[in-house]
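Colleague: Supplied in structure tokens, the structure appears directly below.
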Amino acid sequence: MENIREVLKELMSKRQLDTKFQDLMTPVYEDADVLKFCEEHKNELSTDGVARSASKLYEYVQERDKYNRNEPTLMPGYQPILIVNNHMIEVSYQPSKKLLANEKQRAFNMRVKAVNMPKMIRRARFDDFFPDQDRQTALTAALNFIQAYEKDPHQFHKGLYLTGSFGVGKTYLLGAIANELATQGYESTLVHFPSFAVEMKNAIGENNLAEKLNLVKKAPILMLDDVGADAMSSWVRDEVLGVILEYRMQNELPTFFSSNFSMPQLETEHLQINQRGESEPLKAKRLMERIKFLATEVTMVGVNRRQK
């Protein structure tokens, strides 16, 4: 096709009697983006094709300007572009950078399932986890897990059993691990275990116990937070925690824990004594064997950062 500017001028001159059309199309045919597109694709276009594409060019300019002004458009979240189809000009809509960013964030959020966890879990990042001398071992262990898991997610990788006093960053570190894994496309489920135990009791009456339990026990990567924070009934210990641990051990699924108890303390001071005050050492030992199979104990010490 000949010089595009001359073609567009010719199209306008042929329509001189139609003043309204001329008023509408003059800014369209003089638009820099339209001229550039027609010039780049002039070998694919004909004069007749451009003439018959007038409504599409008008739509493009109108929708582009609305998009640039952040006004409502025909396709919210999508940006108009021009394409050539069968020697005609068409308008196509592609996702905007904002829409792509929102979809990326939504997909990221869906990879981190938080059950009764604090809001700060969503913001937890390694960059904000201060690796002082007391917490460096835990940070190194977390980074080593991520590196190994990303290298071969199909192999079994032991999680971490983070133990330490209140406020030293155990929960935050679990969140940072989950969020870092999410950036690589891996899903994690974080569960505040005392709250989850209450939900399990309520689920009996709601007849959805198995469904809720399956969602947790089958999670690709599971993080049980605050294990041992509340008194645990024999039923929760054996039919909830025990079932989760057994499934995950048998299927070699990565599992993390956080607790104010060390592993020996959790066994003797929490899991061993039932709600009637009776000692059940064999049941406690059985559970601890599964926890030890699934996770490596790492002690975190330091000041209570919640009070700083």
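Identifiers in the structure tokens: chain A, B, ... in order shown; residue index from 1 per chain; ligand index from 1 in order shown.
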So which residues of stretch 82-214 of chain A fall under strand (DSSP E or B) by DSSP, listed as a PyMOL selection string?
Modeller: chain A and resi 82-85+88-95+112-115+159-164+188-192
Colleague: Report as a ChimeraX atom specification all protein, DNA and RNA residues lying within 7 Å of stretch 189-198 of chain A, evaluated on only C-alpha atoms, omitting residues in the same chain fewer than 6 positions from it.
Modeller: /A:112-117,219,221-227,229-230,236
Colleague: Sorted by chain and rising residue number, list the residues of stretch 139-180 of chain A at most 9 Å from stretch 279-298 of chain A (counting only C-alpha atoms), each with its closest atom pair and distance in Å to one decimal, as CSV.
Modeller:
```
residue,atom,partner,partner_atom,distance
A:Ala141,CA,A:Val298,CA,8.1
A:His157,CA,A:Leu294,CA,8.1
A:Lys158,CA,A:Ala295,CA,4.9
A:Gly159,CA,A:Ala295,CA,4.4
A:Leu160,CA,A:Ala295,CA,4.7
A:Tyr161,CA,A:Glu297,CA,4.5
A:Leu162,CA,A:Val298,CA,5.1
A:Thr163,CA,A:Val298,CA,6.2
A:Gly164,CA,A:Val298,CA,8.6
```
Colleague: Could you turn the residues from that selection into a file that holds N, CA and C atoms, as a CSV table (one decimal), in the first residue's frame?
Modeller:
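The resulting file, selection30.csv, is shown below:
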```
chain,number,residue,atom,x,y,z
A,141,ALA,N,18.8,-22.9,58.5
A,141,ALA,CA,18.1,-24.2,58.3
A,141,ALA,C,16.9,-24.0,57.4
A,157,HIS,N,11.8,-34.2,52.1
A,157,HIS,CA,12.7,-33.2,52.8
A,157,HIS,C,12.1,-33.0,54.2
A,158,LYS,N,12.9,-33.2,55.2
A,158,LYS,CA,12.4,-33.0,56.6
A,158,LYS,C,12.2,-31.5,56.8
A,159,GLY,N,11.1,-31.2,57.5
A,159,GLY,CA,10.8,-29.8,57.9
A,159,GLY,C,11.6,-29.4,59.1
A,160,LEU,N,11.1,-28.4,59.8
A,160,LEU,CA,11.8,-27.9,61.0
A,160,LEU,C,10.8,-27.9,62.1
A,161,TYR,N,11.3,-28.2,63.3
A,161,TYR,CA,10.5,-28.1,64.5
A,161,TYR,C,11.2,-26.9,65.3
A,162,LEU,N,10.5,-25.7,65.2
A,162,LEU,CA,11.1,-24.5,65.8
A,162,LEU,C,10.6,-24.4,67.2
A,163,THR,N,11.5,-24.4,68.1
A,163,THR,CA,11.2,-24.3,69.5
A,163,THR,C,11.9,-23.1,70.1
A,164,GLY,N,11.2,-22.5,71.1
A,164,GLY,CA,11.8,-21.3,71.8
A,164,GLY,C,10.7,-20.6,72.6
```
Colleague: Determine, using only C-alpha atoms, which residues of stretch 44-131 of chain A have any atom at most 8 Å from an atom of stretch 169-178 of chain A, and tabulate each with its shortest atom pair and distance in Å to one decimal place, rows ordered by chain and then rising number, as a Markdown table.
Modeller:
```
| residue | atom | partner | partner_atom | distance |
| --- | --- | --- | --- | --- |
| A:Val112 | CA | A:Ala178 | CA | 6.4 |
| A:Met120 | CA | A:Tyr172 | CA | 7.6 |
| A:Ile121 | CA | A:Gly175 | CA | 4.9 |
| A:Arg122 | CA | A:Gly175 | CA | 7.0 |
| A:Arg123 | CA | A:Gly175 | CA | 8.0 |
| A:Ala124 | CA | A:Ala176 | CA | 4.7 |
| A:Arg125 | CA | A:Ala176 | CA | 4.5 |
| A:Phe126 | CA | A:Ala176 | CA | 5.6 |
| A:Phe129 | CA | A:Leu173 | CA | 7.3 |
```
Colleague: Restrict the selected residues to N, CA and C atoms and save them as an mmCIF file, in the first residue's frame.
Modeller:
```cif
data_model
loop_
_atom_site.group_PDB
_atom_site.id
_atom_site.type_symbol
_atom_site.label_atom_id
_atom_site.label_comp_id
_atom_site.auth_asym_id
_atom_site.auth_seq_id
_atom_site.Cartn_x
_atom_site.Cartn_y
_atom_site.Cartn_z
ATOM 1 N N VAL A 112 -0.480 -19.689 49.635
ATOM 2 C CA VAL A 112 -0.253 -19.683 51.078
ATOM 3 C C VAL A 112 -1.610 -19.688 51.762
ATOM 4 N N MET A 120 0.087 -10.829 59.877
ATOM 5 C CA MET A 120 1.483 -10.557 59.507
ATOM 6 C C MET A 120 2.115 -11.695 58.725
ATOM 7 N N ILE A 121 1.469 -12.869 58.727
ATOM 8 C CA ILE A 121 1.994 -14.000 57.955
ATOM 9 C C ILE A 121 2.113 -13.627 56.484
ATOM 10 N N ARG A 122 1.142 -12.871 55.962
ATOM 11 C CA ARG A 122 1.171 -12.475 54.555
ATOM 12 C C ARG A 122 2.350 -11.562 54.245
ATOM 13 N N ARG A 123 2.824 -10.840 55.262
ATOM 14 C CA ARG A 123 3.912 -9.878 55.041
ATOM 15 C C ARG A 123 5.277 -10.444 55.390
ATOM 16 N N ALA A 124 5.311 -11.630 55.953
ATOM 17 C CA ALA A 124 6.573 -12.188 56.444
ATOM 18 C C ALA A 124 7.549 -12.447 55.299
ATOM 19 N N ARG A 125 8.743 -11.916 55.420
ATOM 20 C CA ARG A 125 9.780 -12.089 54.407
ATOM 21 C C ARG A 125 11.129 -12.304 55.088
ATOM 22 N N PHE A 126 12.003 -13.025 54.423
ATOM 23 C CA PHE A 126 13.338 -13.243 54.976
ATOM 24 C C PHE A 126 14.101 -11.931 55.124
ATOM 25 N N PHE A 129 13.563 -10.623 58.486
ATOM 26 C CA PHE A 129 13.880 -11.507 59.607
ATOM 27 C C PHE A 129 15.324 -11.235 60.028
#
```
Colleague: My list of candidates is A:Thr268, A:Ser46, A:Ser53, A:Gln62. Which is closest to A:Pro27 when distances are computed with only C-alpha atoms?
Modeller: A:Gln62
Colleague: Which is closest to A:Met75 among A:Leu99, A:Ile89, A:Leu215, A:Leu57, if we use only C-alpha atoms?
Modeller: A:Leu99
Colleague: Quick one: pull the distance between atom CA of A:Pro118 and atom CA of A:Asn274, Å, one decimal.
Modeller: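 Between these atoms lies a distance of 28.7 Å.
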Colleague: Once DSSP has gone over the backbone, tell me which residues of stretch 23-260 of chain A are in helix (DSSP H, G or I), as a VMD selection string.
Modeller: chain A and resid 23 to 29 32 to 40 47 to 52 54 to 68 97 to 111 119 to 123 126 to 128 136 to 151 170 to 183 193 to 206 209 to 217 234 to 250
Colleague: Hey, which of A:His270, A:Lys98, A:Arg237, A:Lys217 ends up closest to A:Met249? Count only C-alpha atoms.
Modeller: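 Closest residue, counting only C-alpha atoms: A:Lys217.
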Colleague: Let me make sure I understand: among A:Asn179, A:Glu150, A:Val61, A:Gln265, which one has the smallest atom-to-atom distance to A:Ala32 if we use only C-alpha atoms?
Modeller: A:Val61
Colleague: In Å, rounded to a single decimal, give me how far atom CA of A:Leu82 is from atom CA of A:Asp33.
Modeller: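 Those two atoms sit 9.2 Å apart.
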Colleague: Quick one: everything within 7 Å of A:Ser96, counting only C-alpha atoms, minus sequence neighbours fewer than 6 positions away in the same chain. Send it as a ChimeraX atom specification.
Modeller: /A:77-79
Colleague: Taking N, CA, C and O atoms for each residue, export the selection above as a tab-separated table (two decimals), in the first residue's frame.
Modeller:
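As written to disk, part-v7.tsv reads:
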```tsv
chain	number	residue	atom	x	y	z
A	77	GLY	N	-9.69	-3.61	32.93
A	77	GLY	CA	-8.47	-4.34	33.23
A	77	GLY	C	-7.68	-4.76	32.01
A	77	GLY	O	-6.59	-5.30	32.14
A	78	TYR	N	-8.24	-4.50	30.82
A	78	TYR	CA	-7.57	-4.90	29.58
A	78	TYR	C	-7.23	-3.67	28.74
A	78	TYR	O	-7.98	-2.70	28.72
A	79	GLN	N	-6.11	-3.73	28.07
A	79	GLN	CA	-5.60	-2.62	27.28
A	79	GLN	C	-5.81	-2.90	25.79
A	79	GLN	O	-5.47	-3.98	25.30
```
Colleague: Compare A:His41, A:Arg135, A:Arg52, A:Lys151 by their minimum atom-to-atom distance to A:Ile83, counting only C-alpha atoms, and give me the closest one.
Modeller: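 Between A:His41, A:Arg135, A:Arg52, A:Lys151, the residue approaching A:Ile83 most closely is A:His41.
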Colleague: Find the residues around A:Pro76 up to 12 Å (only C-alpha atoms counted), leave out those fewer than 2 positions away in its own chain, and share them as a ChimeraX atom specification.
Modeller: /A:63-64,66-67,70-74,78-80,93-96,98-99
Colleague: When distances are computed from only C-alpha atoms, which of A:Val240, A:Tyr58, A:Leu245, A:Asn43 shows the smallest separation from A:Ala203?
Modeller: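 The closest residue to A:Ala203 is A:Val240.
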